[in-house]
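Raw target.cif, mmCIF, C-alpha atoms:
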data_model
loop_
_atom_site.group_PDB
_atom_site.id
_atom_site.type_symbol
_atom_site.label_atom_id
_atom_site.label_comp_id
_atom_site.auth_asym_id
_atom_site.auth_seq_id
_atom_site.Cartn_x
_atom_site.Cartn_y
_atom_site.Cartn_z
ATOM 1 C CA MET I 1 17.420 15.440 -9.525
ATOM 2 C CA LYS I 2 16.149 11.883 -9.324
ATOM 3 C CA TYR I 3 15.498 10.145 -6.013
ATOM 4 C CA ARG I 4 15.761 6.571 -4.761
ATOM 5 C CA LYS I 5 14.781 4.709 -1.601
ATOM 6 C CA LEU I 6 17.614 4.165 0.873
ATOM 7 C CA GLY I 7 16.786 0.504 1.370
ATOM 8 C CA ARG I 8 14.277 -0.109 4.167
ATOM 9 C CA THR I 9 15.003 3.148 6.014
ATOM 10 C CA GLY I 10 12.058 4.892 4.381
ATOM 11 C CA PHE I 11 14.347 7.773 3.397
ATOM 12 C CA GLU I 12 13.893 8.940 -0.192
ATOM 13 C CA ILE I 13 17.240 10.431 -1.130
ATOM 14 C CA SER I 14 18.891 12.138 -4.078
ATOM 15 C CA GLU I 15 20.667 9.590 -6.272
ATOM 16 C CA ILE I 16 23.578 12.040 -6.517
ATOM 17 C CA SER I 17 24.290 13.037 -2.940
ATOM 18 C CA LEU I 18 27.327 14.672 -1.346
ATOM 19 C CA GLY I 19 30.318 13.255 0.463
ATOM 20 C CA THR I 20 32.121 15.831 2.574
ATOM 21 C CA TRP I 21 35.625 14.445 3.078
ATOM 22 C CA GLN I 22 37.089 17.372 1.112
ATOM 23 C CA VAL I 23 34.104 19.750 1.134
ATOM 24 C CA GLY I 24 36.091 22.514 2.846
ATOM 25 C CA GLY I 25 38.832 22.518 0.221
ATOM 26 C CA LYS I 26 41.112 20.220 -1.693
ATOM 27 C CA TRP I 27 42.718 17.313 0.126
ATOM 28 C CA GLY I 28 45.835 18.539 1.862
ATOM 29 C CA ALA I 29 44.706 22.187 1.970
ATOM 30 C CA PRO I 30 43.351 23.990 5.066
ATOM 31 C CA PHE I 31 39.622 23.643 5.736
ATOM 32 C CA ASP I 32 37.707 26.622 4.351
ATOM 33 C CA HIS I 33 34.360 27.079 6.119
ATOM 34 C CA ALA I 34 33.111 29.730 3.693
ATOM 35 C CA ASN I 35 33.775 27.421 0.757
ATOM 36 C CA ALA I 36 32.123 24.533 2.580
ATOM 37 C CA ASP I 37 29.018 26.661 3.170
ATOM 38 C CA ARG I 38 28.858 27.589 -0.523
ATOM 39 C CA ILE I 39 29.124 23.961 -1.641
ATOM 40 C CA LEU I 40 26.622 22.648 0.896
ATOM 41 C CA ASN I 41 24.013 25.303 0.157
ATOM 42 C CA ALA I 42 24.454 24.847 -3.594
ATOM 43 C CA ALA I 43 23.876 21.133 -3.071
ATOM 44 C CA VAL I 44 20.540 21.683 -1.345
ATOM 45 C CA ASP I 45 19.567 24.381 -3.852
ATOM 46 C CA ASN I 46 19.944 21.766 -6.584
ATOM 47 C CA GLY I 47 18.016 18.936 -5.013
ATOM 48 C CA ILE I 48 20.582 17.076 -2.906
ATOM 49 C CA ASN I 49 18.987 15.987 0.368
ATOM 50 C CA PHE I 50 21.517 13.461 1.713
ATOM 51 C CA ILE I 51 24.847 14.628 3.138
ATOM 52 C CA ASP I 52 27.521 12.192 4.287
ATOM 53 C CA THR I 53 30.105 13.387 6.797
ATOM 54 C CA ALA I 54 32.262 11.957 9.598
ATOM 55 C CA ASP I 55 33.676 13.101 12.902
ATOM 56 C CA VAL I 56 37.242 12.890 11.538
ATOM 57 C CA TYR I 57 36.699 15.032 8.417
ATOM 58 C CA GLY I 58 38.327 18.464 8.405
ATOM 59 C CA ASP I 59 41.560 19.737 9.905
ATOM 60 C CA GLY I 60 41.964 17.705 13.057
ATOM 61 C CA GLY I 61 38.426 16.419 12.652
ATOM 62 C CA GLY I 62 35.025 17.899 13.376
ATOM 63 C CA GLU I 63 35.022 20.815 10.938
ATOM 64 C CA SER I 64 33.041 19.011 8.256
ATOM 65 C CA GLU I 65 30.391 18.086 10.829
ATOM 66 C CA GLN I 66 30.245 21.699 11.983
ATOM 67 C CA ALA I 67 29.610 22.862 8.419
ATOM 68 C CA VAL I 68 26.888 20.248 7.901
ATOM 69 C CA GLY I 69 25.269 21.255 11.175
ATOM 70 C CA ARG I 70 25.198 24.913 10.103
ATOM 71 C CA LEU I 71 23.537 23.893 6.859
ATOM 72 C CA VAL I 72 20.824 21.808 8.503
ATOM 73 C CA ARG I 73 20.033 24.458 11.083
ATOM 74 C CA SER I 74 19.786 27.189 8.439
ATOM 75 C CA ARG I 75 17.556 25.409 5.921
ATOM 76 C CA SER I 76 13.890 24.428 6.002
ATOM 77 C CA GLU I 77 14.209 21.522 3.568
ATOM 78 C CA GLN I 78 14.325 17.882 4.660
ATOM 79 C CA ILE I 79 18.053 17.075 4.722
ATOM 80 C CA TYR I 80 19.172 13.616 5.776
ATOM 81 C CA VAL I 81 22.439 13.693 7.696
ATOM 82 C CA ALA I 82 24.731 10.697 7.778
ATOM 83 C CA SER I 83 27.849 10.698 9.932
ATOM 84 C CA LYS I 84 30.358 8.075 11.002
ATOM 85 C CA CYS I 85 32.127 7.045 14.172
ATOM 86 C CA GLY I 86 35.057 4.934 15.294
ATOM 87 C CA ARG I 87 38.019 6.317 13.381
ATOM 88 C CA ARG I 88 38.968 8.574 16.294
ATOM 89 C CA LEU I 89 40.041 5.517 18.271
ATOM 90 C CA ASN I 90 43.790 5.408 18.785
ATOM 91 C CA PRO I 91 45.103 2.853 18.246
ATOM 92 C CA HIS I 92 42.476 1.984 15.661
ATOM 93 C CA VAL I 93 42.265 -1.703 16.526
ATOM 94 C CA ASN I 94 39.504 -4.127 17.474
ATOM 95 C CA GLU I 95 40.314 -3.902 21.185
ATOM 96 C CA SER I 96 39.704 -0.129 21.177
ATOM 97 C CA TYR I 97 36.095 -0.589 20.092
ATOM 98 C CA THR I 98 33.736 -0.560 23.051
ATOM 99 C CA PRO I 99 30.041 0.346 23.300
ATOM 100 C CA GLN I 100 30.958 3.196 25.650
ATOM 101 C CA ALA I 101 33.492 4.696 23.263
ATOM 102 C CA LEU I 102 31.092 4.608 20.319
ATOM 103 C CA ARG I 103 28.296 6.141 22.376
ATOM 104 C CA GLY I 104 30.685 8.950 23.287
ATOM 105 C CA PHE I 105 31.479 9.601 19.636
ATOM 106 C CA VAL I 106 27.791 9.766 18.704
ATOM 107 C CA GLU I 107 27.079 12.230 21.497
ATOM 108 C CA ALA I 108 30.087 14.337 20.487
ATOM 109 C CA SER I 109 28.856 14.432 16.877
ATOM 110 C CA LEU I 110 25.400 15.573 17.988
ATOM 111 C CA LYS I 111 26.986 18.394 19.957
ATOM 112 C CA ASN I 112 29.344 19.271 17.108
ATOM 113 C CA MET I 113 26.487 19.570 14.613
ATOM 114 C CA GLY I 114 24.032 21.143 17.017
ATOM 115 C CA ILE I 115 21.234 18.739 16.109
ATOM 116 C CA GLU I 116 18.986 16.493 18.186
ATOM 117 C CA ALA I 117 19.305 13.266 16.188
ATOM 118 C CA ILE I 118 21.547 11.854 13.454
ATOM 119 C CA ASP I 119 19.494 10.298 10.672
ATOM 120 C CA LEU I 120 22.121 7.666 9.911
ATOM 121 C CA ILE I 121 25.194 6.809 11.955
ATOM 122 C CA GLN I 122 27.744 4.484 10.387
ATOM 123 C CA LEU I 123 30.606 2.512 11.839
ATOM 124 C CA HIS I 124 33.590 4.018 10.031
ATOM 125 C CA CYS I 125 35.577 1.173 8.462
ATOM 126 C CA PRO I 126 36.365 -0.677 11.686
ATOM 127 C CA PRO I 127 38.763 -3.646 11.775
ATOM 128 C CA THR I 128 37.175 -6.811 10.426
ATOM 129 C CA GLN I 129 36.945 -8.417 13.900
ATOM 130 C CA VAL I 130 34.469 -5.726 15.040
ATOM 131 C CA TYR I 131 31.808 -7.105 12.687
ATOM 132 C CA TYR I 132 31.827 -10.314 14.722
ATOM 133 C CA ARG I 133 30.960 -8.582 18.026
ATOM 134 C CA PRO I 134 27.188 -8.375 18.636
ATOM 135 C CA GLU I 135 27.591 -6.113 21.668
ATOM 136 C CA ILE I 136 28.912 -3.330 19.438
ATOM 137 C CA PHE I 137 25.812 -3.403 17.243
ATOM 138 C CA ALA I 138 23.465 -3.762 20.219
ATOM 139 C CA GLU I 139 24.595 -0.399 21.606
ATOM 140 C CA PHE I 140 23.108 1.374 18.599
ATOM 141 C CA ASP I 141 19.670 -0.076 19.348
ATOM 142 C CA LYS I 142 19.890 1.743 22.681
ATOM 143 C CA LEU I 143 20.857 4.977 20.931
ATOM 144 C CA ILE I 144 17.899 4.589 18.565
ATOM 145 C CA ALA I 145 15.562 4.027 21.534
ATOM 146 C CA GLU I 146 16.963 7.189 23.156
ATOM 147 C CA GLY I 147 16.252 9.205 20.004
ATOM 148 C CA LYS I 148 19.892 10.105 19.390
ATOM 149 C CA ILE I 149 20.105 8.300 16.063
ATOM 150 C CA ARG I 150 17.430 7.111 13.645
ATOM 151 C CA LYS I 151 19.177 4.389 11.649
ATOM 152 C CA LEU I 152 22.438 2.402 11.718
ATOM 153 C CA GLY I 153 24.743 1.625 8.823
ATOM 154 C CA VAL I 154 28.322 0.579 8.223
ATOM 155 C CA SER I 155 31.076 1.905 6.016
ATOM 156 C CA VAL I 156 33.248 -0.997 4.936
ATOM 157 C CA GLU I 157 36.494 -1.725 3.140
ATOM 158 C CA LYS I 158 35.725 -5.308 2.105
ATOM 159 C CA VAL I 159 32.783 -7.182 0.645
ATOM 160 C CA GLU I 160 33.317 -9.799 3.391
ATOM 161 C CA GLU I 161 32.666 -7.118 6.027
ATOM 162 C CA ALA I 162 29.538 -5.912 4.239
ATOM 163 C CA LEU I 163 28.108 -9.423 4.073
ATOM 164 C CA LYS I 164 28.754 -9.977 7.779
ATOM 165 C CA ALA I 165 27.346 -6.577 8.793
ATOM 166 C CA ILE I 166 23.985 -7.082 7.094
ATOM 167 C CA GLU I 167 23.409 -10.192 9.188
ATOM 168 C CA TYR I 168 22.616 -7.777 12.055
ATOM 169 C CA GLU I 169 18.946 -6.826 11.917
ATOM 170 C CA ASN I 170 19.610 -3.186 12.837
ATOM 171 C CA VAL I 171 22.087 -2.558 9.981
ATOM 172 C CA ASP I 172 20.011 -0.832 7.295
ATOM 173 C CA THR I 173 22.722 0.569 5.011
ATOM 174 C CA VAL I 174 26.185 -0.216 3.719
ATOM 175 C CA GLN I 175 28.593 2.362 2.370
ATOM 176 C CA ILE I 176 31.083 0.670 0.069
ATOM 177 C CA ILE I 177 33.632 1.554 -2.599
ATOM 178 C CA PHE I 178 31.959 0.822 -5.930
ATOM 179 C CA ASN I 179 33.140 2.236 -9.220
ATOM 180 C CA MET I 180 34.381 1.211 -12.670
ATOM 181 C CA PHE I 181 37.637 0.051 -11.077
ATOM 182 C CA ARG I 182 36.021 -1.724 -8.088
ATOM 183 C CA GLN I 183 33.299 -3.978 -9.450
ATOM 184 C CA ARG I 184 33.259 -6.880 -7.006
ATOM 185 C CA PRO I 185 30.292 -5.552 -4.941
ATOM 186 C CA ALA I 186 28.039 -6.155 -7.979
ATOM 187 C CA GLU I 187 28.370 -9.909 -7.449
ATOM 188 C CA LEU I 188 27.301 -11.663 -4.222
ATOM 189 C CA PHE I 189 26.877 -8.481 -2.191
ATOM 190 C CA PHE I 190 24.278 -6.945 -4.520
ATOM 191 C CA GLU I 191 22.441 -10.271 -4.583
ATOM 192 C CA GLN I 192 22.150 -10.178 -0.775
ATOM 193 C CA VAL I 193 21.247 -6.476 -0.777
ATOM 194 C CA LYS I 194 18.213 -7.231 -2.940
ATOM 195 C CA LYS I 195 17.067 -10.019 -0.617
ATOM 196 C CA ARG I 196 17.370 -7.913 2.535
ATOM 197 C CA ASN I 197 16.415 -4.482 1.109
ATOM 198 C CA ILE I 198 19.649 -2.857 2.281
ATOM 199 C CA GLY I 199 20.489 0.697 1.271
ATOM 200 C CA VAL I 200 23.738 0.982 -0.682
ATOM 201 C CA ILE I 201 25.797 4.184 -0.576
ATOM 202 C CA ALA I 202 28.506 4.111 -3.251
ATOM 203 C CA ARG I 203 31.611 5.969 -2.177
ATOM 204 C CA VAL I 204 34.908 6.808 -3.931
ATOM 205 C CA PRO I 205 32.934 6.859 -7.203
ATOM 206 C CA LEU I 206 35.719 8.504 -9.192
ATOM 207 C CA ALA I 207 38.568 6.479 -7.656
ATOM 208 C CA SER I 208 40.002 9.576 -5.922
ATOM 209 C CA GLY I 209 39.575 11.601 -9.118
ATOM 210 C CA LEU I 210 41.319 9.082 -11.361
ATOM 211 C CA LEU I 211 38.101 8.346 -13.266
ATOM 212 C CA SER I 212 37.557 12.045 -13.966
ATOM 213 C CA GLY I 213 40.025 11.635 -16.816
ATOM 214 C CA LYS I 214 41.837 14.817 -15.812
ATOM 215 C CA PHE I 215 45.051 13.227 -14.528
ATOM 216 C CA ASN I 216 48.140 12.032 -16.343
ATOM 217 C CA LYS I 217 51.360 10.383 -15.198
ATOM 218 C CA GLN I 218 52.933 13.780 -14.497
ATOM 219 C CA THR I 219 50.086 15.012 -12.258
ATOM 220 C CA SER I 220 51.248 15.897 -8.737
ATOM 221 C CA PHE I 221 49.248 16.312 -5.537
ATOM 222 C CA LEU I 222 49.757 18.322 -2.347
ATOM 223 C CA PRO I 223 51.978 16.723 0.345
ATOM 224 C CA GLY I 224 49.006 16.481 2.734
ATOM 225 C CA ASP I 225 46.811 14.826 0.099
ATOM 226 C CA HIS I 226 46.249 11.088 0.628
ATOM 227 C CA ARG I 227 46.900 10.647 -3.096
ATOM 228 C CA THR I 228 50.505 11.555 -2.265
ATOM 229 C CA PHE I 229 51.090 9.784 1.050
ATOM 230 C CA ASN I 230 48.763 6.770 1.028
ATOM 231 C CA ARG I 231 49.343 5.119 -2.347
ATOM 232 C CA ASN I 232 50.622 1.978 -0.671
ATOM 233 C CA GLY I 233 48.365 2.141 2.389
ATOM 234 C CA GLU I 234 50.859 3.940 4.607
ATOM 235 C CA ALA I 235 48.173 5.794 6.608
ATOM 236 C CA PHE I 236 44.956 3.817 6.108
ATOM 237 C CA ASP I 237 43.487 1.165 3.821
ATOM 238 C CA LYS I 238 45.163 1.334 0.423
ATOM 239 C CA GLY I 239 41.800 0.783 -1.245
ATOM 240 C CA GLU I 240 40.676 4.296 -0.282
ATOM 241 C CA THR I 241 43.324 5.872 -2.547
ATOM 242 C CA PHE I 242 42.798 5.412 -6.294
ATOM 243 C CA SER I 243 40.664 2.386 -5.307
ATOM 244 C CA GLY I 244 43.869 0.524 -4.488
ATOM 245 C CA ILE I 245 45.151 0.601 -8.063
ATOM 246 C CA ASP I 246 48.699 1.450 -9.040
ATOM 247 C CA TYR I 247 48.443 5.053 -10.240
ATOM 248 C CA ASN I 248 50.117 4.587 -13.636
ATOM 249 C CA THR I 249 48.085 1.456 -14.322
ATOM 250 C CA GLY I 250 44.942 3.423 -13.519
ATOM 251 C CA VAL I 251 45.890 6.278 -15.849
ATOM 252 C CA ASP I 252 46.433 3.775 -18.664
ATOM 253 C CA ALA I 253 43.039 2.158 -18.029
ATOM 254 C CA VAL I 254 41.330 5.560 -18.063
ATOM 255 C CA GLU I 255 42.890 6.201 -21.472
ATOM 256 C CA GLU I 256 41.283 2.970 -22.659
ATOM 257 C CA LEU I 257 37.934 4.197 -21.358
ATOM 258 C CA LYS I 258 38.385 7.512 -23.177
ATOM 259 C CA LYS I 259 38.950 5.678 -26.457
ATOM 260 C CA ALA I 260 35.887 3.518 -25.848
ATOM 261 C CA PHE I 261 33.688 6.518 -24.998
ATOM 262 C CA PRO I 262 34.960 9.384 -27.191
ATOM 263 C CA GLY I 263 33.641 12.829 -26.304
ATOM 264 C CA GLU I 264 32.097 11.733 -23.019
ATOM 265 C CA ASN I 265 32.536 13.670 -19.772
ATOM 266 C CA MET I 266 34.446 10.958 -17.916
ATOM 267 C CA ALA I 267 33.356 11.929 -14.400
ATOM 268 C CA GLN I 268 29.715 11.948 -15.420
ATOM 269 C CA LEU I 269 30.168 8.657 -17.264
ATOM 270 C CA ALA I 270 31.630 7.112 -14.098
ATOM 271 C CA LEU I 271 28.651 8.302 -12.022
ATOM 272 C CA ARG I 272 26.144 7.125 -14.662
ATOM 273 C CA TRP I 273 27.804 3.702 -14.656
ATOM 274 C CA ILE I 274 27.277 3.366 -10.891
ATOM 275 C CA LEU I 275 23.666 4.545 -11.121
ATOM 276 C CA SER I 276 22.996 1.939 -13.818
ATOM 277 C CA PHE I 277 22.819 -0.590 -10.955
ATOM 278 C CA ASN I 278 19.410 -0.489 -9.282
ATOM 279 C CA GLU I 279 20.875 -1.857 -6.052
ATOM 280 C CA VAL I 280 22.655 1.483 -5.512
ATOM 281 C CA SER I 281 20.635 3.968 -3.456
ATOM 282 C CA CYS I 282 22.950 6.907 -4.008
ATOM 283 C CA VAL I 283 26.454 7.864 -4.976
ATOM 284 C CA ILE I 284 28.401 10.380 -2.868
ATOM 285 C CA PRO I 285 31.084 12.156 -4.893
ATOM 286 C CA GLY I 286 32.937 14.858 -3.020
ATOM 287 C CA ALA I 287 33.354 18.414 -4.241
ATOM 288 C CA SER I 288 35.966 21.059 -3.511
ATOM 289 C CA SER I 289 34.035 23.805 -5.348
ATOM 290 C CA PRO I 290 30.436 24.598 -6.350
ATOM 291 C CA ASP I 291 31.388 24.129 -10.014
ATOM 292 C CA GLN I 292 32.618 20.617 -9.343
ATOM 293 C CA LEU I 293 29.427 19.896 -7.439
ATOM 294 C CA MET I 294 27.256 21.089 -10.331
ATOM 295 C CA ALA I 295 29.159 18.937 -12.827
ATOM 296 C CA ASN I 296 28.474 15.890 -10.634
ATOM 297 C CA ILE I 297 24.773 16.753 -10.246
ATOM 298 C CA GLU I 298 24.364 16.876 -14.022
ATOM 299 C CA ALA I 299 24.928 13.115 -14.134
ATOM 300 C CA SER I 300 21.469 12.642 -12.585
ATOM 301 C CA GLY I 301 19.824 14.195 -15.607
ATOM 302 C CA THR I 302 21.473 11.851 -18.090
ATOM 303 C CA SER I 303 20.529 8.321 -19.080
ATOM 304 C CA ALA I 304 21.982 5.205 -17.515
ATOM 305 C CA LEU I 305 24.468 3.194 -19.516
ATOM 306 C CA ASN I 306 23.002 0.540 -21.781
ATOM 307 C CA GLN I 307 24.039 -3.109 -21.579
ATOM 308 C CA SER I 308 26.531 -2.786 -24.423
ATOM 309 C CA GLN I 309 28.259 0.134 -22.705
ATOM 310 C CA ILE I 310 28.329 -1.736 -19.386
ATOM 311 C CA GLU I 311 29.950 -4.697 -21.140
ATOM 312 C CA THR I 312 32.564 -2.371 -22.652
ATOM 313 C CA VAL I 313 33.488 -1.073 -19.187
ATOM 314 C CA LYS I 314 33.557 -4.621 -17.833
ATOM 315 C CA ALA I 315 35.924 -5.743 -20.590
ATOM 316 C CA ILE I 316 38.427 -2.971 -19.774
ATOM 317 C CA TYR I 317 38.127 -3.759 -16.054
ATOM 318 C CA THR I 318 38.604 -7.481 -16.636
ATOM 319 C CA LYS I 319 41.726 -6.979 -18.729
ATOM 320 C CA SER I 320 43.496 -4.139 -16.918
ATOM 321 C CA ILE I 321 42.180 -3.896 -13.345
ATOM 322 C CA LYS I 322 40.480 -7.078 -12.101
ATOM 323 C CA PRO I 323 43.625 -9.223 -11.685
ATOM 324 C CA LEU I 324 45.126 -6.527 -9.439
ATOM 325 C CA VAL I 325 42.250 -5.642 -7.086
ATOM 326 C CA HIS I 326 39.220 -7.898 -7.388
ATOM 327 C CA HIS I 327 40.357 -10.458 -4.829
ATOM 328 C CA LEU I 328 41.613 -7.917 -2.298
ATOM 329 C CA TRP I 329 38.438 -6.091 -1.305
#

As structure tokens - that is how I would like this structure written.
Amino acid sequence: MKYRKLGRTGFEISEISLGTWQVGGKWGAPFDHANADRILNAAVDNGINFIDTADVYGDGGGESEQAVGRLVRSRSEQIYVASKCGRRLNPHVNESYTPQALRGFVEASLKNMGIEAIDLIQLHCPPTQVYYRPEIFAEFDKLIAEGKIRKLGVSVEKVEEALKAIEYENVDTVQIIFNMFRQRPAELFFEQVKKRNIGVIARVPLASGLLSGKFNKQTSFLPGDHRTFNRNGEAFDKGETFSGIDYNTGVDAVEELKKAFPGENMAQLALRWILSFNEVSCVIPGASSPDQLMANIEASGTSALNQSQIETVKAIYTKSIKPLVHHLW
């Protein structure tokens, strides 16, 4: 495993880390704590030291945090825990965001995980207006002073939100969708990241599995899987599902990538592409089994893409994907 600095946090983290949205089982299936424990322990056994969770992950929320808490309490290694807050607000609108509500979520997460401090707490894709409210960000300085959190970050939907968030001096990291089908962050955002030494956590690296190359136009998903019910943004931001791309269009573009990179493991290629950008601190693919986890980890031992290969990916993106998504997020 290779390691990178998480911006100015001082944390040295595994470049392949673990996102735990579906760590207890496949999307749409019941949460399986035994399976979650196997995946999480296998991750640490193989050099992963940064785990990303959220208070809403798991059946009804909280179960992913519980599993991460068990892991941290049972291991002696340095494991950096990142969680998120805000998505429990109902309705999930700007007016629901208050310093008191967010403080309550942080304290609930600490209790849920059974730990004394969260290494990194992230606002969980709040409405755009929230990024323009200094009092929201100021509350986290108080939580840092109280020892309840160590660092603050944001998880965003849009580049605009990321650029606004890093204007706050206490925002040290940005979690953003960045993959072969979502390339806009590599423009102005990465330029600003370099200037400010912001940690970048790349999420949805495989475009909800699309970039694994394992799907075709006949592939079906469970009814409770967001890849079934959120293709048009019915439940949350459309960009979270297949990176906001029409499914059939995405399958066609993946076939173009397969032709351009014959014999390559597509999931590993997608992770290597992301890690070819030095601005990225880590990538957080999910895993629903230890085998899937191990396949992702193997990408850390392979070489980054060369400039010619990056240009090949860019050409396919520019032709098939960019006109559909680039301006939206």

Taking only residues of range 146-224 of chain I that have an atom at most 8 Å from an atom of range 4-23 of chain I, what is each one's shortest atom pair and its distance in Å to one decimal, using all atoms listed in the file, in chain and number order, as JSON lines?
{"residue": "I:Lys151", "atom": "CA", "partner": "I:Thr9", "partner_atom": "CA", "distance": 7.1}
{"residue": "I:Asp172", "atom": "CA", "partner": "I:Thr9", "partner_atom": "CA", "distance": 6.5}
{"residue": "I:Thr173", "atom": "CA", "partner": "I:Gly7", "partner_atom": "CA", "distance": 7.0}
{"residue": "I:Asn197", "atom": "CA", "partner": "I:Gly7", "partner_atom": "CA", "distance": 5.0}
{"residue": "I:Ile198", "atom": "CA", "partner": "I:Gly7", "partner_atom": "CA", "distance": 4.5}
{"residue": "I:Gly199", "atom": "CA", "partner": "I:Gly7", "partner_atom": "CA", "distance": 3.7}
{"residue": "I:Val200", "atom": "CA", "partner": "I:Leu6", "partner_atom": "CA", "distance": 7.1}
{"residue": "I:Arg203", "atom": "CA", "partner": "I:Gly19", "partner_atom": "CA", "distance": 7.9}

query: Using all atoms listed in the file, what residues lie at most 7 Å away from (39.2, 1.1, -7.5) (file coordinates), given as number ranges by chain?
result: I: 179, 181-182, 207, 239, 242-245

task: For the file shown, report as a count of residues only the outcome of the PyMOL selection byres ((chain I and resi 285) around 12) at residue level.
output: 47

- prompt: In Å, how far is it from CA of Val154 in chain I to CA of Ile115 in chain I?
  reply: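 Computed distance, CA of Val154 in chain I to CA of Ile115 in chain I, equals 21.0 Å.
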
message: When you look at Lys84 in chain I with a cut-off of 8 Å (counting only C-alpha atoms), what residues show up, excluding the ones that are within fewer than 2 positions of it in the same chain? I need them as a ChimeraX atom specification.
response: /I:53-55,82,86,121-124,155

Saved selection, atoms kept: C-alpha atoms, as a PDB file, in the coordinates of the input:
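result37.pdb written:
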ATOM      1  CA  THR I  53      30.105  13.387   6.797  1.00  0.00           C
ATOM      2  CA  ALA I  54      32.262  11.957   9.598  1.00  0.00           C
ATOM      3  CA  ASP I  55      33.676  13.101  12.902  1.00  0.00           C
ATOM      4  CA  ALA I  82      24.731  10.697   7.778  1.00  0.00           C
ATOM      5  CA  GLY I  86      35.057   4.934  15.294  1.00  0.00           C
ATOM      6  CA  ILE I 121      25.194   6.809  11.955  1.00  0.00           C
ATOM      7  CA  GLN I 122      27.744   4.484  10.387  1.00  0.00           C
ATOM      8  CA  LEU I 123      30.606   2.512  11.839  1.00  0.00           C
ATOM      9  CA  HIS I 124      33.590   4.018  10.031  1.00  0.00           C
ATOM     10  CA  SER I 155      31.076   1.905   6.016  1.00  0.00           C
TER      11      SER I 155
END

- request: May I have the protein, DNA and RNA residues with any atom at most 12 Å from the point (22.7, 1.5, 16.3), counting all atoms listed in the file, written as a ChimeraX atom specification?
  value: /I:84-85,99,102-103,106,118-123,134-154,165,168-173

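For the choices I:Tyr80, I:Phe229, I:Trp273, I:Tyr247, the atom-to-atom distance to Phe215 in chain I is smallest for I:Tyr247 when using only C-alpha atoms.
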
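Counting all atoms listed in the file and comparing I:Ala186, I:Met180, I:Ile166, I:Ala34, the residue that lies closest to Tyr317 in chain I is I:Met180.
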
statement: Separating CA of Leu305 in chain I from CA of Arg227 in chain I, to the nearest tenth of an Å, is a gap of 28.8 Å

task: Give as a ChimeraX atom specification the residues that the PyMOL selection byres ((chain I and resi 190) around 12) matches when applied to the coordinates above.
output: /I:159,162-163,166,174,176,178,183-189,191-202,277-281

Residue rebuild result range 258-269 of chain I, N, CA and C atoms as a PDB file, keeping the file's coordinate frame:
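Once everything was written out, this is part_18.pdb:
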ATOM      1  N   LYS I 258      38.572   6.339 -22.314  1.00  0.00           N
ATOM      2  CA  LYS I 258      38.385   7.512 -23.177  1.00  0.00           C
ATOM      3  C   LYS I 258      38.244   7.111 -24.642  1.00  0.00           C
ATOM      4  N   LYS I 259      39.035   6.153 -25.066  1.00  0.00           N
ATOM      5  CA  LYS I 259      38.950   5.678 -26.457  1.00  0.00           C
ATOM      6  C   LYS I 259      37.627   4.969 -26.713  1.00  0.00           C
ATOM      7  N   ALA I 260      37.138   4.254 -25.696  1.00  0.00           N
ATOM      8  CA  ALA I 260      35.887   3.518 -25.848  1.00  0.00           C
ATOM      9  C   ALA I 260      34.663   4.428 -25.796  1.00  0.00           C
ATOM     10  N   PHE I 261      34.807   5.574 -25.150  1.00  0.00           N
ATOM     11  CA  PHE I 261      33.688   6.518 -24.998  1.00  0.00           C
ATOM     12  C   PHE I 261      34.135   7.913 -25.442  1.00  0.00           C
ATOM     13  N   PRO I 262      34.437   8.092 -26.713  1.00  0.00           N
ATOM     14  CA  PRO I 262      34.960   9.384 -27.191  1.00  0.00           C
ATOM     15  C   PRO I 262      33.955  10.514 -26.981  1.00  0.00           C
ATOM     16  N   GLY I 263      34.477  11.648 -26.493  1.00  0.00           N
ATOM     17  CA  GLY I 263      33.641  12.829 -26.304  1.00  0.00           C
ATOM     18  C   GLY I 263      32.837  12.855 -25.030  1.00  0.00           C
ATOM     19  N   GLU I 264      32.872  11.783 -24.265  1.00  0.00           N
ATOM     20  CA  GLU I 264      32.097  11.733 -23.019  1.00  0.00           C
ATOM     21  C   GLU I 264      32.802  12.510 -21.910  1.00  0.00           C
ATOM     22  N   ASN I 265      32.019  13.125 -21.018  1.00  0.00           N
ATOM     23  CA  ASN I 265      32.536  13.670 -19.772  1.00  0.00           C
ATOM     24  C   ASN I 265      32.811  12.468 -18.870  1.00  0.00           C
ATOM     25  N   MET I 266      34.084  12.207 -18.581  1.00  0.00           N
ATOM     26  CA  MET I 266      34.446  10.958 -17.916  1.00  0.00           C
ATOM     27  C   MET I 266      33.884  10.858 -16.496  1.00  0.00           C
ATOM     28  N   ALA I 267      33.892  11.970 -15.767  1.00  0.00           N
ATOM     29  CA  ALA I 267      33.356  11.929 -14.400  1.00  0.00           C
ATOM     30  C   ALA I 267      31.868  11.604 -14.429  1.00  0.00           C
ATOM     31  N   GLN I 268      31.147  12.226 -15.328  1.00  0.00           N
ATOM     32  CA  GLN I 268      29.715  11.948 -15.420  1.00  0.00           C
ATOM     33  C   GLN I 268      29.459  10.524 -15.901  1.00  0.00           C
ATOM     34  N   LEU I 269      30.286  10.040 -16.808  1.00  0.00           N
ATOM     35  CA  LEU I 269      30.168   8.657 -17.264  1.00  0.00           C
ATOM     36  C   LEU I 269      30.358   7.690 -16.097  1.00  0.00           C
TER      37      LEU I 269
END
